[in-house]
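Pasting start01.txt here (compact mmCIF, C-alpha atoms and all ligand atoms):
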# COMPACT_ATOMS: atom_id res chain seq x y z
CA MET A 8 0.00 0.00 0.00
CA LEU A 9 2.93 2.34 0.65
CA LEU A 10 4.34 1.57 -2.80
CA LEU A 11 0.95 2.09 -4.45
CA SER A 12 0.81 5.50 -2.73
CA VAL A 13 4.33 6.31 -3.92
CA LEU A 14 3.32 5.38 -7.49
CA ASP A 15 0.42 7.84 -7.18
CA LEU A 16 2.82 10.59 -6.12
CA PHE A 17 4.95 9.89 -9.21
CA GLU A 18 1.76 9.98 -11.28
CA GLN A 19 0.98 13.42 -9.85
CA ASP A 20 4.50 14.60 -10.64
CA GLU A 21 5.01 15.38 -6.94
CA ILE A 22 8.34 13.58 -6.69
CA LYS A 23 11.00 15.74 -8.29
CA SER A 24 14.10 14.02 -6.95
CA ASN A 25 14.99 10.63 -5.56
CA LEU A 26 13.71 11.31 -2.06
CA ILE A 27 10.31 10.20 -0.82
CA GLU A 28 9.39 12.34 2.14
CA LEU A 29 6.87 11.75 4.91
CA THR A 30 4.39 14.31 3.64
CA SER A 31 0.72 14.53 4.53
CA ASP A 32 -0.06 13.85 0.84
CA LEU A 33 1.68 10.48 1.16
CA GLY A 34 -0.14 9.85 4.45
CA GLU A 35 -3.51 10.63 2.92
CA LEU A 36 -2.96 8.35 -0.09
CA PHE A 37 -1.80 5.53 2.18
CA ALA A 38 -4.89 5.99 4.38
CA ARG A 39 -7.16 5.77 1.33
CA TYR A 40 -5.64 2.46 0.20
CA TRP A 41 -5.81 1.20 3.76
CA GLU A 42 -9.50 2.05 4.08
CA GLN A 43 -10.14 0.29 0.79
CA VAL A 44 -8.97 -3.11 1.99
CA MET A 45 -8.77 -3.15 5.79
CA ALA A 46 -11.46 -3.30 8.47
CA PHE A 47 -12.79 0.08 9.57
CA ASN A 48 -11.72 -0.24 13.17
CA ARG A 49 -8.03 -0.75 12.38
CA ARG A 50 -6.00 2.37 11.70
CA GLY A 51 -3.06 1.99 9.34
CA ASN A 52 0.38 3.03 10.52
CA LEU A 53 2.48 4.47 7.72
CA ALA A 54 5.60 4.32 9.91
CA LEU A 55 5.70 0.52 9.79
CA PRO A 56 6.09 -0.03 6.02
CA PHE A 57 8.15 3.15 5.67
CA PHE A 58 10.70 1.73 8.08
CA HIS A 59 10.53 -1.99 7.29
CA LEU A 60 10.59 -1.73 3.50
CA GLN A 61 14.35 -1.27 3.95
CA GLY A 62 14.52 -5.05 4.30
CA ASP A 63 13.63 -5.47 0.61
CA GLY A 64 16.87 -3.89 -0.50
CA PHE A 65 15.62 -1.20 -2.91
CA TRP A 66 14.26 1.27 -0.33
CA HIS A 67 16.86 3.15 1.70
CA LEU A 68 16.26 5.52 4.59
CA LEU A 69 18.20 8.77 4.66
CA PRO A 70 18.95 9.81 8.25
CA LYS A 71 18.83 13.41 9.38
CA ARG A 72 22.16 14.93 10.29
CA GLY A 73 23.26 13.58 13.67
CA LYS A 74 20.65 10.79 13.61
CA GLU A 75 22.79 8.21 11.77
CA ASP A 76 23.47 6.15 14.90
CA VAL A 77 19.84 6.25 16.03
CA LEU A 78 18.74 4.93 12.64
CA ASN A 79 21.46 2.28 12.38
CA SER A 80 20.73 0.87 15.81
CA ALA A 81 16.93 0.89 15.50
CA SER A 82 15.38 -2.50 14.80
CA GLN A 83 12.02 -0.82 14.40
CA ILE A 84 10.42 2.63 14.55
CA ARG A 85 6.72 2.45 15.20
CA SER A 86 5.68 6.06 15.47
CA LEU A 87 5.52 8.62 12.69
CA SER A 88 6.76 11.44 14.90
CA ARG A 89 9.82 9.43 15.89
CA LEU A 90 10.43 8.46 12.26
CA GLU A 91 10.13 12.09 11.23
CA GLU A 92 12.67 13.12 13.88
CA THR A 93 15.09 10.52 12.55
CA VAL A 94 14.88 10.48 8.76
CA LEU A 95 14.62 12.97 5.90
CA GLY A 96 12.88 10.35 3.80
CA ALA A 97 13.59 7.29 1.70
CA TRP A 98 15.44 6.98 -1.59
CA LEU A 99 15.08 4.23 -4.17
CA ASP A 100 17.68 2.29 -6.12
CA GLU A 101 18.64 4.61 -8.96
CA ALA A 102 17.46 2.20 -11.69
CA LEU A 103 14.06 1.84 -10.05
CA TYR A 104 13.77 5.60 -9.61
CA GLU A 105 14.45 6.08 -13.34
CA LEU A 106 11.84 3.46 -14.25
CA LEU A 107 9.20 5.10 -12.08
CA GLY A 108 9.53 8.21 -14.19
CA VAL A 109 8.04 6.25 -17.12
CA PRO A 110 4.22 5.91 -17.12
CA GLU A 111 4.22 2.40 -18.68
CA SER A 112 6.64 1.10 -16.04
CA ARG A 113 4.51 2.54 -13.26
CA SER A 114 1.40 0.94 -14.59
CA PHE A 115 3.22 -2.41 -14.97
CA LEU A 116 4.59 -2.25 -11.42
CA ARG A 117 1.17 -1.30 -10.08
CA SER A 118 -0.41 -4.41 -11.62
CA ILE A 119 2.40 -6.64 -10.36
CA LEU A 120 2.05 -5.27 -6.80
CA ILE A 121 -1.70 -5.69 -6.79
CA GLU A 122 -1.62 -9.19 -8.25
CA THR A 123 1.21 -10.38 -6.01
CA TYR A 124 0.17 -9.05 -2.63
CA PHE A 125 -3.63 -8.82 -2.60
CA ALA A 126 -6.39 -11.40 -2.69
CA PRO A 127 -8.29 -11.63 -5.99
CA GLU A 128 -11.46 -10.09 -4.49
CA MET A 129 -9.55 -6.94 -3.48
CA ARG A 130 -7.73 -6.32 -6.75
CA GLY A 131 -10.54 -4.61 -8.63
CA SER A 132 -11.15 -2.06 -5.89
CA LEU A 133 -7.44 -1.24 -5.61
CA VAL A 134 -7.17 -0.61 -9.35
CA GLU A 135 -10.28 1.56 -9.05
CA ARG A 136 -8.78 3.42 -6.06
CA SER A 137 -5.64 4.27 -8.06
CA ALA A 138 -7.75 5.56 -10.93
CA ILE A 139 -9.88 7.67 -8.56
CA ASN A 140 -6.81 9.14 -6.84
CA HIS A 141 -5.45 10.18 -10.20
CA GLU A 142 -8.72 11.59 -11.47
CA ALA A 143 -9.28 13.49 -8.21
CA PHE A 144 -5.82 14.99 -8.45
CA LEU A 145 -6.42 16.15 -12.05
CA TYR A 146 -9.83 17.50 -11.11
CA SER A 147 -8.44 19.52 -8.19
CA LYS A 148 -5.80 20.97 -10.51
CA GLU A 149 -8.50 21.97 -12.96
CA LEU A 150 -10.54 23.62 -10.22
CA LEU A 151 -7.59 25.54 -8.83
CA GLY A 152 -6.29 26.51 -12.24
CA ARG A 153 -9.43 27.71 -14.01
CA ARG A 154 -10.30 31.27 -13.23
CA ASN A 155 -12.71 32.89 -15.64
CA GLU A 156 -16.33 32.09 -16.48
CA GLN A 157 -15.54 30.48 -19.83
CA ALA A 158 -12.94 28.21 -18.24
CA VAL A 159 -15.39 27.25 -15.51
CA ARG A 160 -17.96 26.21 -18.10
CA GLU A 161 -15.33 24.02 -19.74
CA THR A 162 -14.62 22.45 -16.36
CA LEU A 163 -18.31 21.67 -15.98
CA GLU A 164 -18.23 19.72 -19.24
CA TRP A 165 -15.16 17.92 -18.01
CA VAL A 166 -16.98 17.04 -14.77
CA GLU A 167 -19.45 14.84 -16.56
CA ALA A 168 -16.67 12.45 -17.52
CA CYS A 169 -15.42 12.31 -13.92
CA ARG A 170 -16.49 9.67 -11.37
CA PRO A 171 -18.53 11.20 -8.49
CA THR A 172 -16.07 9.88 -5.89
CA ALA A 173 -13.15 11.44 -7.77
CA ARG A 174 -15.06 14.71 -8.11
CA ASP A 175 -15.73 14.84 -4.34
CA GLN A 176 -12.15 13.97 -3.51
CA GLY A 177 -10.84 16.54 -6.03
CA PHE A 178 -13.15 19.31 -4.76
CA ARG A 179 -12.03 18.57 -1.23
CA ARG A 180 -8.36 18.63 -2.20
CA ALA A 181 -8.76 21.98 -4.01
CA LEU A 182 -10.52 23.65 -1.07
CA VAL A 183 -8.15 22.27 1.55
CA ILE A 184 -5.21 23.61 -0.47
CA ALA A 185 -6.86 26.99 -1.12
CA TYR A 186 -7.51 27.45 2.62
CA SER A 187 -4.23 25.83 3.77
CA HIS A 188 -6.15 23.37 5.97
CA ARG A 189 -7.76 26.20 7.98
CA CYS A 190 -11.47 26.46 8.82
CA ALA A 191 -12.86 29.57 7.09
CA LEU A 192 -15.25 30.33 9.97
CA CYS A 193 -13.45 29.57 13.23
CA GLY A 194 -9.85 29.49 11.97
CA LEU A 195 -9.11 26.06 13.43
CA ARG A 196 -6.22 24.23 11.76
CA VAL A 197 -5.24 20.73 12.91
CA ARG A 198 -3.33 18.20 10.84
CA THR A 199 -1.92 14.87 11.86
CA LEU A 200 1.38 13.56 10.55
CA ASP A 201 -0.44 10.84 8.63
CA GLY A 202 -2.40 13.35 6.59
CA HIS A 203 -5.69 13.69 8.46
CA THR A 204 -7.03 17.23 8.62
CA VAL A 205 -9.85 18.73 10.65
CA VAL A 206 -11.39 20.51 7.66
CA ASP A 207 -13.83 19.30 5.02
CA ALA A 208 -14.77 21.00 1.80
CA ALA A 209 -18.23 22.55 2.05
CA HIS A 210 -20.28 23.80 -0.87
CA ILE A 211 -21.99 27.16 -0.30
CA VAL A 212 -24.68 26.42 -2.89
CA PRO A 213 -25.06 22.62 -2.79
CA TRP A 214 -23.76 20.63 -5.75
CA SER A 215 -27.23 19.29 -6.44
CA VAL A 216 -28.53 22.84 -7.05
CA ASN A 217 -26.08 24.20 -9.62
CA TYR A 218 -23.25 21.65 -10.09
CA ASP A 219 -20.75 24.35 -9.17
CA ASP A 220 -17.45 22.98 -7.87
CA ARG A 221 -15.49 26.21 -8.26
CA PRO A 222 -13.44 26.87 -5.12
CA ALA A 223 -15.35 30.18 -4.91
CA ASN A 224 -18.54 28.20 -4.33
CA GLY A 225 -16.98 26.49 -1.32
CA MET A 226 -15.13 26.95 1.93
CA ALA A 227 -12.90 24.67 3.96
CA LEU A 228 -14.78 24.15 7.23
CA CYS A 229 -14.17 22.10 10.37
CA ARG A 230 -16.85 19.52 11.17
CA THR A 231 -18.72 21.73 13.65
CA CYS A 232 -18.71 24.82 11.45
CA HIS A 233 -19.68 22.72 8.42
CA TRP A 234 -22.75 21.38 10.17
CA THR A 235 -23.63 24.80 11.61
CA PHE A 236 -23.32 26.47 8.19
CA ASP A 237 -25.31 23.76 6.38
CA GLU A 238 -28.01 24.00 9.06
CA GLY A 239 -28.28 27.74 8.38
CA LEU A 240 -27.20 28.75 11.89
CA LEU A 241 -24.31 30.85 10.59
CA ARG A 242 -23.99 32.90 7.43
CA VAL A 243 -21.32 34.98 5.76
CA ALA A 244 -22.28 38.52 4.70
CA PRO A 245 -21.01 40.17 1.49
CA SER A 246 -18.50 41.99 3.73
CA TYR A 247 -17.21 38.48 4.69
CA GLU A 248 -18.38 39.04 8.27
CA ILE A 249 -20.02 36.13 10.09
CA PHE A 250 -23.60 36.48 11.30
CA ALA A 251 -25.33 34.04 13.63
CA SER A 252 -28.98 33.10 13.47
CA ALA A 253 -31.14 34.05 16.45
CA GLN A 254 -31.66 30.30 16.94
CA LEU A 255 -27.95 29.91 17.56
CA ARG A 256 -27.85 32.86 19.97
CA VAL A 257 -30.57 31.43 22.21
CA ALA A 258 -29.08 27.94 22.42
CA SER A 259 -27.58 27.45 25.85
CA ASN A 260 -25.32 24.45 25.26
CA LEU A 261 -23.08 25.81 22.50
CA PRO A 262 -19.35 25.33 22.41
CA GLY A 263 -18.09 28.78 23.44
CA TYR A 264 -16.27 29.48 20.23
CA LEU A 265 -19.37 29.26 18.04
CA SER A 266 -21.07 32.13 19.84
CA SER A 267 -17.91 34.22 19.62
CA LEU A 268 -17.85 34.05 15.80
CA GLU A 269 -20.60 36.66 15.32
CA GLY A 270 -19.17 39.82 13.78
CA ARG A 271 -15.78 38.30 13.06
CA GLY A 272 -14.36 38.15 9.54
CA ILE A 273 -13.86 34.79 7.87
CA VAL A 274 -10.45 33.40 7.01
CA ARG A 275 -9.99 33.94 3.28
CA PRO A 276 -7.57 32.18 0.93
CA SER A 277 -4.53 34.21 -0.02
CA GLU A 278 -5.69 34.19 -3.66
CA GLU A 279 -8.67 36.45 -4.14
CA VAL A 280 -10.08 34.35 -6.99
CA TYR A 281 -10.94 31.62 -4.44
CA TRP A 282 -12.78 33.93 -2.02
CA PRO A 283 -16.42 32.98 -1.51
CA ASP A 284 -18.58 34.15 -4.37
CA LEU A 285 -21.05 36.86 -3.31
CA THR A 286 -23.88 35.35 -5.39
CA SER A 287 -23.38 31.99 -3.69
CA LEU A 288 -23.37 33.63 -0.24
CA GLN A 289 -26.57 35.47 -1.13
CA TRP A 290 -28.19 32.19 -2.20
CA HIS A 291 -27.23 30.62 1.13
CA HIS A 292 -28.61 33.63 3.04
CA LYS A 293 -31.91 33.45 1.19
CA ASN A 294 -32.42 29.68 1.08
CA ILE A 295 -30.59 28.10 4.01
CA PHE A 296 -30.03 30.68 6.75
CA ARG A 297 -32.51 30.54 9.62
CA ARG A 298 -33.81 34.05 10.15
ZN ZN B 301 -14.58 25.76 12.30

Show me this structure written as structure tokens.
Ligand SMILES: [Zn+2]
Amino acid sequence: MLLLSVLDLFEQDEIKSNLIELTSDLGELFARYWEQVMAFNRRGNLALPFFHLQGDGFWHLLPKRGKEDVLNSASQIRSLSRLEETVLGAWLDEALYELLGVPESRSFLRSILIETYFAPEMRGSLVERSAINHEAFLYSKELLGRRNEQAVRETLEWVEACRPTARDQGFRRALVIAYSHRCALCGLRVRTLDGHTVVDAAHIVPWSVNYDDRPANGMALCRTCHWTFDEGLLRVAPSYEIFASAQLRVASNLPGYLSSLEGRGIVRPSEEVYWPDLTSLQWHHKNIFRR
């Protein structure tokens, strides 16, 4: 599963030199493969394969300066934070690294890995997962890259060819990047080393209403703010100030921070083109907000 995730990173052109780092992108891809084949109540630990793949001879860990002895004497490293303290990343045998730069070789290696290490009933869903990861990545690039109305219409045509799961995953990736993992309403930003983030991508006007996946029709929101916004208990004014519904103000059991949001400005992406669209905010005010 680690190698399948690494192949995805090559596919996305994210690996520019022969060093595979412990990034949250890698963690997220690994978690998606894990969820595809493992039971829900078992959390995958990226540190285990990242460390133990050394035993196969083509995967080499590069210690941080001064950590050479720690790495050489370790028979195992089970925690991601400890691994991150110790290594800069892993490098591959040069010949393998060269091969992974070639799309046909990647696709061949992917099939070999899936056929060799997974039961027949799992293979189809792993192939599908790889395809979705790739499509989602391309979709998020489209969403982040297209800026004018004409380009957005072209994206909409492109959407129809995209699998719904890939579209969701791509929309989420675009929003999370645009907002740098920060909740637009309360400002919360929490990320784990293995790529989990507290924010979701929320549509301002729901997808089912206008099929609009532009980042400007969305915000990255933490779970609580997402629910509160979708329930119409908070809204964002054209001035980007937050207003709370009277229903929220009278509730007595609120987490303190929700009631303190009234009158505060939202967190906006650094690029103005991704700021929430005023027409979308107006639609939410009119149709969802509880007056
Ligand atoms: Zn929040």

Task: Contacts to ligand ZN 301 (chain B) at 8 Å cut-off (only C-alpha atoms and all ligand atoms) as a ChimeraX atom specification - done: /A:190-195,206,228-233

I need the residues from that last selection saved to file as a tab-separated table (two decimals), keeping the file's coordinate frame (with C-alpha atoms), if you can.
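Result file follows (part18.tsv):
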chain	number	residue	atom	x	y	z
A	190	CYS	CA	-11.47	26.46	8.82
A	191	ALA	CA	-12.86	29.57	7.09
A	192	LEU	CA	-15.25	30.33	9.97
A	193	CYS	CA	-13.45	29.57	13.23
A	194	GLY	CA	-9.85	29.49	11.97
A	195	LEU	CA	-9.11	26.06	13.43
A	206	VAL	CA	-11.39	20.51	7.66
A	228	LEU	CA	-14.78	24.15	7.23
A	229	CYS	CA	-14.17	22.10	10.37
A	230	ARG	CA	-16.85	19.52	11.17
A	231	THR	CA	-18.72	21.73	13.65
A	232	CYS	CA	-18.71	24.82	11.45
A	233	HIS	CA	-19.68	22.72	8.42

- [ ] Considering only C-alpha atoms, state which residue in the set A:Ser82, A:Leu29, A:Val44, A:Val134 is at the smallest distance from Val94 in chain A.
- [x]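 Ranking A:Ser82, A:Leu29, A:Val44, A:Val134 by distance to Val94 in chain A, first place goes to A:Leu29.
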
Task: Nearest to Met129 in chain A by atom-to-atom distance, counting all atoms listed in the file, from A:Asn48, A:Trp41, A:Thr235, A:Gly96 - done: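 Using all atoms listed in the file, Met129 in chain A sits closest to A:Trp41.
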
TODO: Would you kindly return, as an NGL selection string, each protein, DNA or RNA residue with an atom no farther than 8 Å from any atom of Leu11 in chain A, considering only C-alpha atoms and excluding same-chain residues fewer than 2 positions away?
DONE: :A and (8-9 or 13-15 or 37 or 117 or 120 or 137)

Please work out which residues fall within 12 Å of (-15.6, 36.2, 7.1), coordinates as given in the file, with all atoms listed in the file counting, and return them as a compact mmCIF listing (two decimals) with C-alpha atoms, in the coordinates of the input.
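Contents of the output file selection_14.txt:
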# COMPACT_ATOMS: atom_id res chain seq x y z
CA CYS A 190 -11.47 26.46 8.82
CA ALA A 191 -12.86 29.57 7.09
CA LEU A 192 -15.25 30.33 9.97
CA CYS A 193 -13.45 29.57 13.23
CA GLY A 194 -9.85 29.49 11.97
CA MET A 226 -15.13 26.95 1.93
CA LEU A 241 -24.31 30.85 10.59
CA ARG A 242 -23.99 32.90 7.43
CA VAL A 243 -21.32 34.98 5.76
CA ALA A 244 -22.28 38.52 4.70
CA PRO A 245 -21.01 40.17 1.49
CA SER A 246 -18.50 41.99 3.73
CA TYR A 247 -17.21 38.48 4.69
CA GLU A 248 -18.38 39.04 8.27
CA ILE A 249 -20.02 36.13 10.09
CA PHE A 250 -23.60 36.48 11.30
CA ALA A 251 -25.33 34.04 13.63
CA LEU A 268 -17.85 34.05 15.80
CA GLU A 269 -20.60 36.66 15.32
CA GLY A 270 -19.17 39.82 13.78
CA ARG A 271 -15.78 38.30 13.06
CA GLY A 272 -14.36 38.15 9.54
CA ILE A 273 -13.86 34.79 7.87
CA VAL A 274 -10.45 33.40 7.01
CA ARG A 275 -9.99 33.94 3.28
CA PRO A 276 -7.57 32.18 0.93
CA TRP A 282 -12.78 33.93 -2.02
CA PRO A 283 -16.42 32.98 -1.51
CA LEU A 285 -21.05 36.86 -3.31
CA LEU A 288 -23.37 33.63 -0.24

Open item on the list: Need to verify the contact set: Arg297 in chain A, 9 Å, all atoms listed in the file, exclusion of same-chain residues closer than 2 positions in sequence. Can you return it as JSON, numbers by chain?
Closed with: {"A": [238, 239, 240, 241, 251, 252, 253, 254, 292, 293, 294, 295]}

- [ ] Excluding Ser24 in chain A and residues on its chain fewer than 3 positions from it, collect all residues at most 10 Å away from it, counting only C-alpha atoms, and give them as a ChimeraX atom specification.
- [x] /A:21,27,98,104

- [ ] Scan for residues within 7 Å of the point (-22.3, 30.1, -0.2) in the coordinates of the file, using all atoms listed in the file, and reply as a list in words.
- [x]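 Output of the proximity query reads His210, Ile211, Val212, Asn224, Gly225, Pro283, Asp284, Ser287, Leu288, Gln289, Trp290 and His291 of chain A.
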
TODO: Tell me, in Å to one decimal, how far CA of Leu145 in chain A is from CA of Ala173 in chain A.
DONE: 9.3 Å

Open item on the list: Excluding range 174-186 of chain A and its own-chain neighbours fewer than 3 positions away, which residues fall within 8 Å of it when counting all atoms listed in the file? Please give them as JSON, numbers by chain.
Closed with: {"A": [140, 142, 143, 144, 145, 146, 147, 148, 150, 151, 166, 169, 170, 171, 189, 190, 191, 206, 207, 208, 220, 222, 225, 226, 227, 274, 275, 276, 277, 278, 281]}

Task: Pick from A:Leu87, A:Gln43, A:Leu265, A:Leu106 nearest to Gly131 in chain A, counting all atoms listed in the file - done: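 Once distances to Gly131 in chain A are computed over all atoms listed in the file, the minimum belongs to A:Gln43.
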
Task: Residue nearest Pro213 in chain A - candidates A:Leu255, A:Val280, A:Phe236, A:Ile121, atoms counted: all atoms listed in the file - done: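 Selected residue with least distance to Pro213 in chain A: A:Phe236.
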